[in-house]
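Undergrad: Below is my_file_30.csv; it holds CSV, C-alpha atoms.
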chain,number,residue,atom,x,y,z
A,1,MET,CA,-0.7,20.1,66.5
A,2,ARG,CA,-3.2,19.8,63.7
A,3,SER,CA,-4.6,22.8,61.8
A,4,VAL,CA,-8.3,23.6,61.6
A,5,GLN,CA,-8.1,23.2,57.8
A,6,ASP,CA,-6.5,19.8,58.0
A,7,HIS,CA,-8.9,18.5,60.6
A,8,LEU,CA,-11.9,19.8,58.6
A,9,ALA,CA,-10.6,18.3,55.4
A,10,ALA,CA,-10.2,14.9,57.1
A,11,VAL,CA,-13.7,15.1,58.4
A,12,LEU,CA,-15.3,16.0,55.1
A,13,ALA,CA,-13.2,13.4,53.3
A,14,ALA,CA,-14.5,10.7,55.6
A,15,VAL,CA,-18.2,11.4,55.3
A,16,GLY,CA,-20.5,11.2,52.3
A,17,PRO,CA,-24.3,11.3,51.7
A,18,VAL,CA,-26.4,8.7,53.4
A,19,SER,CA,-27.4,6.0,51.0
A,20,PRO,CA,-30.5,7.0,49.1
A,21,LEU,CA,-33.9,5.6,50.0
A,22,ASP,CA,-37.4,5.7,48.5
A,23,VAL,CA,-39.6,7.4,51.1
A,24,VAL,CA,-43.2,8.6,51.3
A,25,LEU,CA,-43.8,12.3,50.9
A,26,HIS,CA,-44.3,12.9,54.6
A,27,ASP,CA,-40.8,11.5,55.3
A,28,ALA,CA,-39.2,13.5,52.5
A,29,VAL,CA,-39.7,16.9,54.1
A,30,GLY,CA,-36.4,18.6,54.5
A,31,CYS,CA,-34.5,15.9,52.7
A,32,ILE,CA,-32.3,16.3,49.6
A,33,LEU,CA,-33.5,14.7,46.4
A,34,ALA,CA,-31.2,11.9,45.3
A,35,ALA,CA,-32.6,11.5,41.7
A,36,ASP,CA,-34.3,13.7,39.2
A,37,VAL,CA,-38.1,13.7,39.2
A,38,VAL,CA,-39.3,13.4,35.6
A,39,ALA,CA,-42.9,14.1,34.6
A,40,THR,CA,-44.7,11.0,33.2
A,41,SER,CA,-47.7,13.1,32.0
A,42,ASP,CA,-48.8,16.6,31.3
A,43,LEU,CA,-49.9,18.8,34.2
A,44,PRO,CA,-52.7,19.6,34.0
A,45,ALA,CA,-53.5,16.4,32.0
A,46,LEU,CA,-56.5,18.2,30.4
A,47,SER,CA,-57.4,21.8,29.8
A,48,VAL,CA,-59.2,23.0,32.9
A,49,ALA,CA,-61.1,26.1,34.0
A,50,ALA,CA,-59.1,28.6,36.0
A,51,ARG,CA,-62.2,30.4,37.4
A,52,ASP,CA,-65.7,29.5,38.4
A,53,GLY,CA,-68.0,30.6,35.6
A,54,TYR,CA,-69.3,29.5,32.2
A,55,ALA,CA,-67.4,27.5,29.6
A,56,VAL,CA,-68.1,28.8,26.1
A,57,ALA,CA,-66.9,28.9,22.5
A,58,ALA,CA,-65.7,32.5,22.3
A,59,HIS,CA,-67.2,33.0,18.8
A,60,ASP,CA,-70.6,32.2,20.3
A,61,THR,CA,-70.4,35.3,22.6
A,62,SER,CA,-69.6,37.8,19.9
A,63,GLN,CA,-73.0,39.5,20.4
A,64,SER,CA,-72.8,39.3,24.2
A,65,GLY,CA,-73.5,42.4,26.4
A,66,TYR,CA,-76.3,43.2,28.8
A,67,ALA,CA,-77.6,45.8,26.4
A,68,THR,CA,-77.9,43.4,23.5
A,69,GLU,CA,-80.0,40.8,25.2
A,70,ALA,CA,-78.2,37.8,23.6
A,71,PRO,CA,-78.1,35.2,26.4
A,72,LEU,CA,-76.8,31.6,25.9
A,73,PRO,CA,-78.7,28.5,27.1
A,74,VAL,CA,-76.9,26.8,30.0
A,75,ALA,CA,-76.7,23.2,28.9
A,76,HIS,CA,-74.9,21.6,31.9
A,77,ASP,CA,-73.0,21.9,35.2
A,78,VAL,CA,-69.5,20.6,35.4
A,79,ARG,CA,-67.5,20.0,38.6
A,80,PRO,CA,-64.0,18.6,39.2
A,81,GLY,CA,-63.9,14.8,39.5
A,82,GLN,CA,-66.9,14.0,37.2
A,83,GLY,CA,-64.8,12.2,34.7
A,84,GLY,CA,-63.7,13.1,31.2
A,85,PRO,CA,-64.8,16.4,29.5
A,86,LEU,CA,-68.2,16.8,28.0
A,87,ARG,CA,-68.7,18.0,24.5
A,88,LEU,CA,-70.1,21.6,24.2
A,89,VAL,CA,-73.2,21.9,22.1
A,90,PRO,CA,-72.6,24.9,19.8
A,91,GLY,CA,-74.5,28.0,20.8
A,92,THR,CA,-74.7,27.0,24.5
A,93,ALA,CA,-72.7,27.5,27.7
A,94,VAL,CA,-71.7,25.1,30.5
A,95,ARG,CA,-71.6,26.3,34.1
A,96,ILE,CA,-68.1,25.1,35.3
A,97,ALA,CA,-66.2,25.1,38.6
A,98,SER,CA,-62.6,26.1,38.8
A,99,GLY,CA,-60.4,23.0,38.2
A,100,ALA,CA,-63.0,21.1,36.2
A,101,PRO,CA,-62.1,19.9,32.7
A,102,LEU,CA,-63.0,22.2,29.9
A,103,PRO,CA,-65.7,20.8,27.6
A,104,ILE,CA,-64.6,19.7,24.1
A,105,GLY,CA,-65.4,22.6,21.8
A,106,ALA,CA,-65.1,25.3,24.5
A,107,ASP,CA,-62.1,27.6,24.4
A,108,ALA,CA,-62.9,30.2,27.1
A,109,VAL,CA,-64.3,30.6,30.6
A,110,VAL,CA,-66.4,33.7,31.5
A,111,PRO,CA,-66.1,34.4,35.2
A,112,LEU,CA,-69.3,34.4,37.3
A,113,GLU,CA,-68.9,38.1,38.2
A,114,GLU,CA,-69.0,39.0,34.5
A,115,THR,CA,-72.4,37.4,34.1
A,116,ASP,CA,-75.9,37.5,35.5
A,117,ARG,CA,-75.3,34.1,37.0
A,118,GLY,CA,-78.3,32.6,35.2
A,119,ALA,CA,-79.1,28.9,35.7
A,120,ALA,CA,-81.1,28.3,32.5
A,121,ARG,CA,-79.8,31.1,30.4
A,122,VAL,CA,-76.8,33.3,31.0
A,123,SER,CA,-76.1,36.9,29.9
A,124,MET,CA,-72.6,38.2,29.8
A,125,GLN,CA,-71.1,41.7,30.1
A,126,ARG,CA,-68.9,41.4,27.1
A,127,PRO,CA,-67.7,39.0,24.4
A,128,ALA,CA,-65.2,36.3,25.6
A,129,VAL,CA,-61.7,36.1,24.2
A,130,ALA,CA,-60.4,32.6,23.3
A,131,GLY,CA,-58.1,31.2,26.0
A,132,GLN,CA,-59.3,33.5,28.8
A,133,HIS,CA,-59.3,31.8,32.2
A,134,VAL,CA,-58.3,28.5,30.8
A,135,ARG,CA,-55.3,26.4,31.9
A,136,PRO,CA,-54.3,24.4,28.8
A,137,ALA,CA,-53.2,20.8,29.1
A,138,GLY,CA,-49.4,20.8,29.8
A,139,SER,CA,-49.3,24.5,30.6
A,140,ASP,CA,-47.6,23.8,34.0
A,141,VAL,CA,-45.5,20.7,33.2
A,142,ARG,CA,-44.9,18.7,30.0
A,143,SER,CA,-44.5,15.0,30.0
A,144,GLY,CA,-40.8,14.2,30.0
A,145,ASP,CA,-39.8,17.4,31.7
A,146,VAL,CA,-37.3,17.2,34.6
A,147,VAL,CA,-39.4,19.1,37.2
A,148,LEU,CA,-37.2,18.6,40.2
A,149,GLU,CA,-33.4,18.1,40.0
A,150,ALA,CA,-31.3,15.9,42.2
A,151,GLY,CA,-29.8,18.0,44.9
A,152,THR,CA,-33.0,20.0,45.5
A,153,ARG,CA,-34.0,20.4,49.2
A,154,LEU,CA,-37.6,19.3,49.5
A,155,GLY,CA,-40.0,21.7,51.2
A,156,ALA,CA,-43.7,22.5,50.9
A,157,ARG,CA,-43.5,23.9,47.3
A,158,GLN,CA,-41.5,21.0,45.9
A,159,LEU,CA,-43.7,18.4,47.6
A,160,ALA,CA,-46.8,20.2,46.2
A,161,LEU,CA,-45.4,19.7,42.7
A,162,ALA,CA,-44.5,16.0,43.3
A,163,ALA,CA,-47.9,15.3,44.8
A,164,SER,CA,-49.7,17.1,41.9
A,165,MET,CA,-48.0,14.7,39.5
A,166,GLY,CA,-49.2,11.7,41.6
A,167,ARG,CA,-45.8,10.8,43.0
A,168,GLY,CA,-46.3,9.2,46.4
A,169,ARG,CA,-42.7,8.4,47.0
A,170,LEU,CA,-39.4,10.2,46.3
A,171,ARG,CA,-35.8,9.0,46.2
A,172,VAL,CA,-33.9,11.1,48.8
A,173,HIS,CA,-30.8,11.2,50.9
A,174,PRO,CA,-32.5,10.5,54.2
A,175,THR,CA,-32.0,12.7,57.3
A,176,PRO,CA,-28.8,11.5,59.1
A,177,ARG,CA,-29.5,10.0,62.5
A,178,VAL,CA,-27.2,11.3,65.2
A,179,VAL,CA,-26.7,9.7,68.6
A,180,LEU,CA,-25.5,12.0,71.4
A,181,LEU,CA,-23.7,10.7,74.5
A,182,SER,CA,-22.3,12.9,77.3
A,183,ILE,CA,-19.7,11.4,79.6
A,184,GLY,CA,-18.8,12.5,83.1
A,185,ASP,CA,-19.3,11.3,86.7
A,186,GLU,CA,-20.2,14.9,87.7
A,187,LEU,CA,-23.1,15.3,85.2
A,188,VAL,CA,-26.7,15.5,86.5
A,189,GLU,CA,-29.8,16.2,84.5
A,190,PRO,CA,-31.2,19.8,84.7
A,191,GLY,CA,-34.1,19.9,87.1
A,192,SER,CA,-32.6,17.3,89.4
A,193,THR,CA,-32.8,18.0,93.1
A,194,GLY,CA,-30.6,17.0,96.0
A,195,THR,CA,-27.4,17.1,93.9
A,196,LEU,CA,-24.0,16.6,95.5
A,197,PRO,CA,-21.3,19.2,95.7
A,198,GLY,CA,-19.3,19.4,92.5
A,199,ALA,CA,-22.2,18.2,90.4
A,200,VAL,CA,-22.6,19.8,86.9
A,201,TYR,CA,-25.8,20.2,85.0
A,202,GLU,CA,-25.6,18.3,81.7
A,203,ALA,CA,-25.8,21.0,79.0
A,204,ASP,CA,-24.0,19.5,76.1
A,205,GLY,CA,-26.6,16.9,75.2
A,206,HIS,CA,-29.5,19.4,75.2
A,207,ALA,CA,-27.5,22.0,73.2
A,208,LEU,CA,-26.2,19.6,70.6
A,209,GLU,CA,-29.6,18.0,70.3
A,210,ALA,CA,-31.0,21.4,69.2
A,211,ALA,CA,-27.9,22.1,67.0
A,212,VAL,CA,-28.3,18.7,65.2
A,213,ARG,CA,-31.9,19.4,64.4
A,214,ASP,CA,-31.0,22.9,63.3
A,215,ALA,CA,-28.5,21.3,60.9
A,216,GLY,CA,-31.4,19.3,59.4
A,217,ALA,CA,-30.6,15.9,61.0
A,218,ALA,CA,-32.4,13.7,63.5
A,219,SER,CA,-31.1,13.4,67.0
A,220,VAL,CA,-31.2,10.7,69.7
A,221,ARG,CA,-30.0,11.8,73.0
A,222,VAL,CA,-28.8,9.1,75.4
A,223,ALA,CA,-28.7,9.7,79.2
A,224,SER,CA,-25.3,10.9,80.5
A,225,LEU,CA,-22.8,8.2,81.2
A,226,PRO,CA,-20.3,7.9,84.0
A,227,ASP,CA,-16.5,7.8,83.4
A,228,ASP,CA,-16.6,4.1,83.1
A,229,ARG,CA,-15.0,2.3,80.1
A,230,ALA,CA,-17.3,-0.7,80.2
A,231,VAL,CA,-20.4,1.4,80.4
A,232,LEU,CA,-19.3,3.6,77.5
A,233,ARG,CA,-18.3,0.5,75.4
A,234,GLU,CA,-21.7,-1.1,76.0
A,235,ALA,CA,-23.6,2.1,75.2
A,236,LEU,CA,-21.7,2.6,71.9
A,237,GLU,CA,-22.4,-1.0,70.9
A,238,ASP,CA,-26.1,-0.6,71.7
A,239,GLN,CA,-26.4,2.7,69.8
A,240,LEU,CA,-24.4,1.7,66.7
A,241,VAL,CA,-27.3,0.1,65.0
A,242,ARG,CA,-29.4,3.2,65.0
A,243,ALA,CA,-26.7,5.8,64.2
A,244,ASP,CA,-25.4,7.4,61.0
A,245,LEU,CA,-23.1,9.5,63.2
A,246,ILE,CA,-22.2,9.5,66.9
A,247,ILE,CA,-21.1,12.5,69.0
A,248,LEU,CA,-19.4,12.1,72.3
A,249,THR,CA,-18.8,15.0,74.7
A,250,GLY,CA,-16.5,14.7,77.7
A,251,GLY,CA,-14.1,11.9,78.7
A,252,LEU,CA,-11.2,13.5,76.8
A,253,SER,CA,-8.9,14.1,79.8
A,254,GLU,CA,-5.3,13.3,79.0
A,255,LEU,CA,-4.8,12.1,82.5
A,256,THR,CA,-5.5,8.6,83.8
A,257,HIS,CA,-9.2,8.8,83.2
A,258,ASP,CA,-9.1,9.1,79.4
A,259,THR,CA,-12.2,7.1,79.0
A,260,VAL,CA,-12.9,7.9,75.3
A,261,LYS,CA,-9.4,7.1,74.0
A,262,ASP,CA,-9.2,3.7,75.8
A,263,VAL,CA,-12.6,2.6,74.5
A,264,LEU,CA,-12.3,3.9,70.9
A,265,ALA,CA,-8.7,3.0,70.2
A,266,PRO,CA,-9.2,-0.7,69.6
A,267,MET,CA,-12.6,-0.4,67.9
A,268,GLY,CA,-12.2,1.7,64.8
A,269,THR,CA,-10.1,4.4,63.2
A,270,VAL,CA,-10.5,7.2,65.7
A,271,ARG,CA,-7.5,9.5,66.3
A,272,LEU,CA,-7.3,12.1,69.0
A,273,ASP,CA,-5.6,15.4,68.1
A,274,GLN,CA,-4.8,18.7,69.5
A,275,VAL,CA,-6.3,21.1,66.9
A,276,ALA,CA,-4.9,24.6,66.7
A,277,MET,CA,-8.0,26.4,67.8
A,278,THR,CA,-9.6,27.9,70.9
A,279,PRO,CA,-12.0,27.0,72.4
A,280,GLY,CA,-12.2,23.3,71.8
A,281,HIS,CA,-8.6,22.3,71.1
A,282,ARG,CA,-8.8,18.6,71.8
A,283,HIS,CA,-10.8,16.5,69.3
A,284,GLY,CA,-11.4,12.9,68.4
A,285,PHE,CA,-12.7,11.8,65.0
A,286,GLY,CA,-12.8,8.7,62.9
A,287,THR,CA,-15.1,5.7,62.5
A,288,PHE,CA,-16.4,3.3,65.2
A,289,SER,CA,-17.0,-0.3,64.1
A,290,GLY,CA,-18.0,-2.1,67.3
A,291,GLU,CA,-16.8,-5.6,68.1
A,292,ASP,CA,-18.3,-7.3,65.0
A,293,GLY,CA,-16.7,-4.7,62.7
A,294,ASP,CA,-19.7,-5.0,60.3
A,295,ARG,CA,-20.7,-1.3,60.3
A,296,ALA,CA,-18.3,1.7,60.5
A,297,VAL,CA,-20.0,4.8,61.7
A,298,PRO,CA,-18.4,8.3,61.8
A,299,ILE,CA,-17.8,9.4,65.4
A,300,PHE,CA,-16.8,12.8,66.9
A,301,ALA,CA,-15.4,13.2,70.4
A,302,LEU,CA,-15.7,16.8,71.6
A,303,GLN,CA,-14.6,18.5,74.8
A,304,GLY,CA,-17.2,18.6,77.5
A,305,HIS,CA,-17.2,22.4,78.1
A,306,PRO,CA,-20.4,23.6,76.5
A,307,VAL,CA,-18.8,26.5,74.6
A,308,ALA,CA,-16.0,24.3,73.3
A,309,ALA,CA,-18.5,21.6,72.3
A,310,GLN,CA,-20.8,24.0,70.5
A,311,VAL,CA,-17.9,25.8,68.7
A,312,SER,CA,-16.5,22.5,67.6
A,313,PHE,CA,-19.9,21.4,66.4
A,314,GLU,CA,-20.2,24.6,64.2
A,315,VAL,CA,-16.8,24.2,62.7
A,316,PHE,CA,-16.6,20.5,62.1
A,317,VAL,CA,-19.8,18.5,62.9
A,318,ARG,CA,-22.4,20.7,61.2
A,319,PRO,CA,-20.6,20.7,57.8
A,320,ALA,CA,-20.3,16.9,58.1
A,321,LEU,CA,-24.0,16.5,58.8
A,322,ARG,CA,-24.9,18.7,55.9
A,323,ALA,CA,-22.6,16.7,53.6
A,324,MET,CA,-24.2,13.5,54.8
A,325,ALA,CA,-27.7,14.8,54.1
A,326,GLY,CA,-26.6,15.6,50.5
A,327,HIS,CA,-26.4,19.3,50.7
A,328,THR,CA,-24.0,21.1,48.3
A,329,GLU,CA,-23.7,24.1,50.6
A,330,VAL,CA,-22.4,22.7,53.9
A,331,PHE,CA,-21.0,25.8,55.6
A,332,ARG,CA,-22.7,28.6,57.5
A,333,PRO,CA,-22.7,32.0,55.7
A,334,SER,CA,-19.9,34.4,56.7
A,335,VAL,CA,-19.5,38.2,56.5
A,336,ALA,CA,-16.7,40.6,56.9
A,337,ALA,CA,-17.2,43.0,59.8
A,338,LEU,CA,-15.3,45.9,61.4
A,339,ALA,CA,-14.4,45.3,65.1
A,340,GLU,CA,-15.9,47.9,67.4
A,341,THR,CA,-13.3,47.0,70.1
A,342,GLY,CA,-9.9,45.3,70.2
A,343,TRP,CA,-8.7,42.2,72.0
A,344,ILE,CA,-5.7,39.9,72.3
A,345,SER,CA,-5.6,36.6,70.4
A,346,PRO,CA,-3.3,33.6,71.3
A,347,PRO,CA,-0.4,32.9,68.9
A,348,GLY,CA,-0.7,29.9,66.7
A,349,LEU,CA,-4.4,29.2,67.4
A,350,ARG,CA,-7.5,30.1,65.4
A,351,GLN,CA,-9.7,31.9,67.8
A,352,PHE,CA,-13.5,31.7,67.7
A,353,VAL,CA,-15.1,34.6,69.7
A,354,PRO,CA,-18.8,34.9,70.4
A,355,ALA,CA,-20.0,38.2,69.0
A,356,THR,CA,-22.9,40.2,67.8
A,357,VAL,CA,-22.8,41.4,64.2
A,358,LEU,CA,-25.1,44.2,63.1
A,359,GLY,CA,-25.5,46.0,59.8
A,360,SER,CA,-26.4,45.3,56.2
A,361,PRO,CA,-24.7,44.6,52.9
A,362,ASP,CA,-25.2,48.2,51.9
A,363,GLU,CA,-23.9,49.9,55.0
A,364,GLY,CA,-21.5,47.2,56.0
A,365,TYR,CA,-21.3,45.2,59.2
A,366,ARG,CA,-19.8,45.8,62.7
A,367,LEU,CA,-19.0,43.3,65.3
A,368,THR,CA,-18.8,43.5,69.1
A,369,PRO,CA,-17.2,40.6,71.1
A,370,LEU,CA,-19.2,39.3,74.0
A,371,GLY,CA,-17.7,38.5,77.3
A,372,ASP,CA,-13.9,37.9,77.6
A,373,PRO,CA,-12.6,36.7,74.2
A,374,ALA,CA,-9.8,34.8,76.1
A,375,GLU,CA,-12.4,32.8,78.1
A,376,PRO,CA,-15.7,32.5,76.2
A,377,SER,CA,-18.6,31.9,78.4
A,378,ILE,CA,-21.9,30.1,78.0
A,379,SER,CA,-23.8,33.3,78.6
A,380,ALA,CA,-21.8,35.1,75.9
A,381,LEU,CA,-22.4,32.4,73.4
A,382,ALA,CA,-26.1,32.4,74.3
A,383,HIS,CA,-26.4,36.0,73.3
A,384,ALA,CA,-24.2,35.8,70.2
A,385,ASN,CA,-25.4,35.7,66.6
A,386,ALA,CA,-21.9,35.1,65.1
A,387,LEU,CA,-18.5,33.7,65.8
A,388,ALA,CA,-15.6,36.1,65.0
A,389,VAL,CA,-12.8,34.1,63.5
A,390,VAL,CA,-9.3,35.4,64.2
A,391,GLY,CA,-6.4,33.7,62.3
A,392,GLU,CA,-3.5,31.9,63.8
A,393,THR,CA,-1.0,34.6,62.9
A,394,GLU,CA,-3.1,37.5,64.3
A,395,LEU,CA,-1.9,38.4,67.8
A,396,THR,CA,-4.0,41.5,68.3
A,397,VAL,CA,-7.4,42.6,67.0
A,398,HIS,CA,-7.5,46.4,66.6
A,399,PRO,CA,-10.6,48.5,66.7
A,400,GLY,CA,-11.8,49.1,63.1
A,401,GLN,CA,-10.0,45.9,61.9
A,402,THR,CA,-11.9,43.7,59.4
A,403,ILE,CA,-12.7,40.3,60.8
A,404,HIS,CA,-14.5,37.4,59.1
A,405,CYS,CA,-17.5,36.2,61.1
A,406,LEU,CA,-19.4,32.9,60.9
A,407,VAL,CA,-23.1,33.8,61.1
A,408,LEU,CA,-25.0,31.6,63.5
A,409,GLU,CA,-28.5,33.0,62.9
A,410,GLY,CA,-30.3,35.5,60.7
Output the file's structure as structure tokens, nothing else.
TA:
Amino acid sequence: MRSVQDHLAAVLAAVGPVSPLDVVLHDAVGCILAADVVATSDLPALSVAARDGYAVAAHDTSQSGYATEAPLPVAHDVRPGQGGPLRLVPGTAVRIASGAPLPIGADAVVPLEETDRGAARVSMQRPAVAGQHVRPAGSDVRSGDVVLEAGTRLGARQLALAASMGRGRLRVHPTPRVVLLSIGDELVEPGSTGTLPGAVYEADGHALEAAVRDAGAASVRVASLPDDRAVLREALEDQLVRADLIILTGGLSELTHDTVKDVLAPMGTVRLDQVAMTPGHRHGFGTFSGEDGDRAVPIFALQGHPVAAQVSFEVFVRPALRAMAGHTEVFRPSVAALAETGWISPPGLRQFVPATVLGSPDEGYRLTPLGDPAEPSISALAHANALAVVGETELTVHPGQTIHCLVLEG
């Protein structure tokens, strides 16, 4: 029997970031940057107004004040996008919109609300101070600066910076594409009518599709397949071209209908193991190459029970997907919590128990197992926000005992 640590180490050793691609900004959302972004020019390129108002030379306003009656002539209006900066005529003001280039010779902007808003001549409440309400050239970014480092996850703020510098494309580790196949003669699609006795609604594909997206990858869910070796082989060959990773659920029976083992054994490096964990003790992992052998794709084979499949996803598949996407942090956060109640844990197996964890870093955390820890149910997992992890040598969890928990949601 293989330990959880050994199986996870083998998984992470076999996967790596998807090869970098140059993509347009729209497709870079959520991706990990694969190369530093270096500024090729200052941002802003010219000094610009930070407020709507009047651009002036501060020394020309030394006598300003409504009581002094020393207005300045308004020589021009300036808006963004009108080309290079004008030259300020000494002793005048230029009405300017926020974001417009500051006229040459001006060193301050007087906001509209501090003036009488004059069109031909403008009076100001007080003298201006050089530099007020001006964004100097290069005040945000200097040419040559590394503005985004490789390894950065690209969200709205990072894309705003890239777009502001005129970068229409970025080099990223693209989102891994995951193909999901569920196997079983008994499976029917939720919402189907007239199902036969013994039919089981297909839950794994829907659950794992959501889990894959939550992990930051793209999912392609294929309709459930019967326990037929030829059908599975053909489906895998068809999907190989579009997949960066494949997940199979079901078909892992160790009896005569071991569909997955018979199909995968001659077409890659997949090994099937008993992993020392519960639920989800039977696993398959390796690479699938297809008949031509040109492209080897990582493939996971998980047990068909929805709880086993989802726990196995959290423990093994999610970290692999995060690694493939270029993330440095691949694991869920964990907290130590005090058990509210006790339960029995099987010897020699790492037990994952659906639980609710409540509390805060200051007051500490407390966990409550949901359902029967010996037989985790779909309903218990649906209401859990964590998985309590009990070590292989722990036979009994006592009330008040500290247990490490894998946090599933905030």
Undergrad: Of the residues A:Asp227, A:Asp185, A:Asp42, A:Asp107, which is the one nearest to Ala130 (chain A), using all atoms listed in the file?
TA: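 Smallest distance to Ala130 (chain A) is found for A:Asp107.
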Undergrad: Quote the spacing between CA of Phe285 (chain A) and CA of Val172 (chain A) in Å to one decimal place.
TA: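 Result for CA of Phe285 (chain A) versus CA of Val172 (chain A): 26.7 Å, one decimal.
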Undergrad: What does the distance from CA of Leu264 (chain A) to CA of Gln5 (chain A) come to in Å, to one decimal?
TA: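 Between CA of Leu264 (chain A) and CA of Gln5 (chain A) the gap is 23.7 Å.
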Undergrad: Quick one: residues within 12 Å of Gly359 (chain A), all atoms listed in the file counted, chain neighbours fewer than 6 positions away excluded, as JSON, numbers by chain?
TA: {"A": [335, 336, 337, 338, 365, 366, 367, 368, 410]}
Undergrad: With region 218-221 of chain A as the partner and 7 Å as the cut-off, tabulate the residues of region 101-204 of chain A that qualify, each row holding the nearest pair of atoms and their distance in Å to one decimal, using only C-alpha atoms, sorted by chain and rising number, as CSV.
TA:
residue,atom,partner,partner_atom,distance
A:Thr175,CA,A:Ala218,CA,6.3
A:Pro176,CA,A:Ala218,CA,6.1
A:Arg177,CA,A:Ala218,CA,4.8
A:Val178,CA,A:Ser219,CA,4.8
A:Val179,CA,A:Val220,CA,4.7
A:Leu180,CA,A:Arg221,CA,4.8
A:Leu181,CA,A:Arg221,CA,6.6
Undergrad: Limited to C-alpha atoms, could you put the picked residues into a file as a compact mmCIF listing (two decimals), in the frame of the given file?
TA:
# COMPACT_ATOMS: atom_id res chain seq x y z
CA THR A 175 -32.00 12.70 57.30
CA PRO A 176 -28.80 11.50 59.10
CA ARG A 177 -29.50 10.00 62.50
CA VAL A 178 -27.20 11.30 65.20
CA VAL A 179 -26.70 9.70 68.60
CA LEU A 180 -25.50 12.00 71.40
CA LEU A 181 -23.70 10.70 74.50
Undergrad: Hey, which of A:Val188, A:Val24, A:Ala339, A:Ala380 ends up closest to Val397 (chain A)? Count all atoms listed in the file.
TA: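 With all atoms listed in the file as the atom set, the closest residue is A:Ala339.
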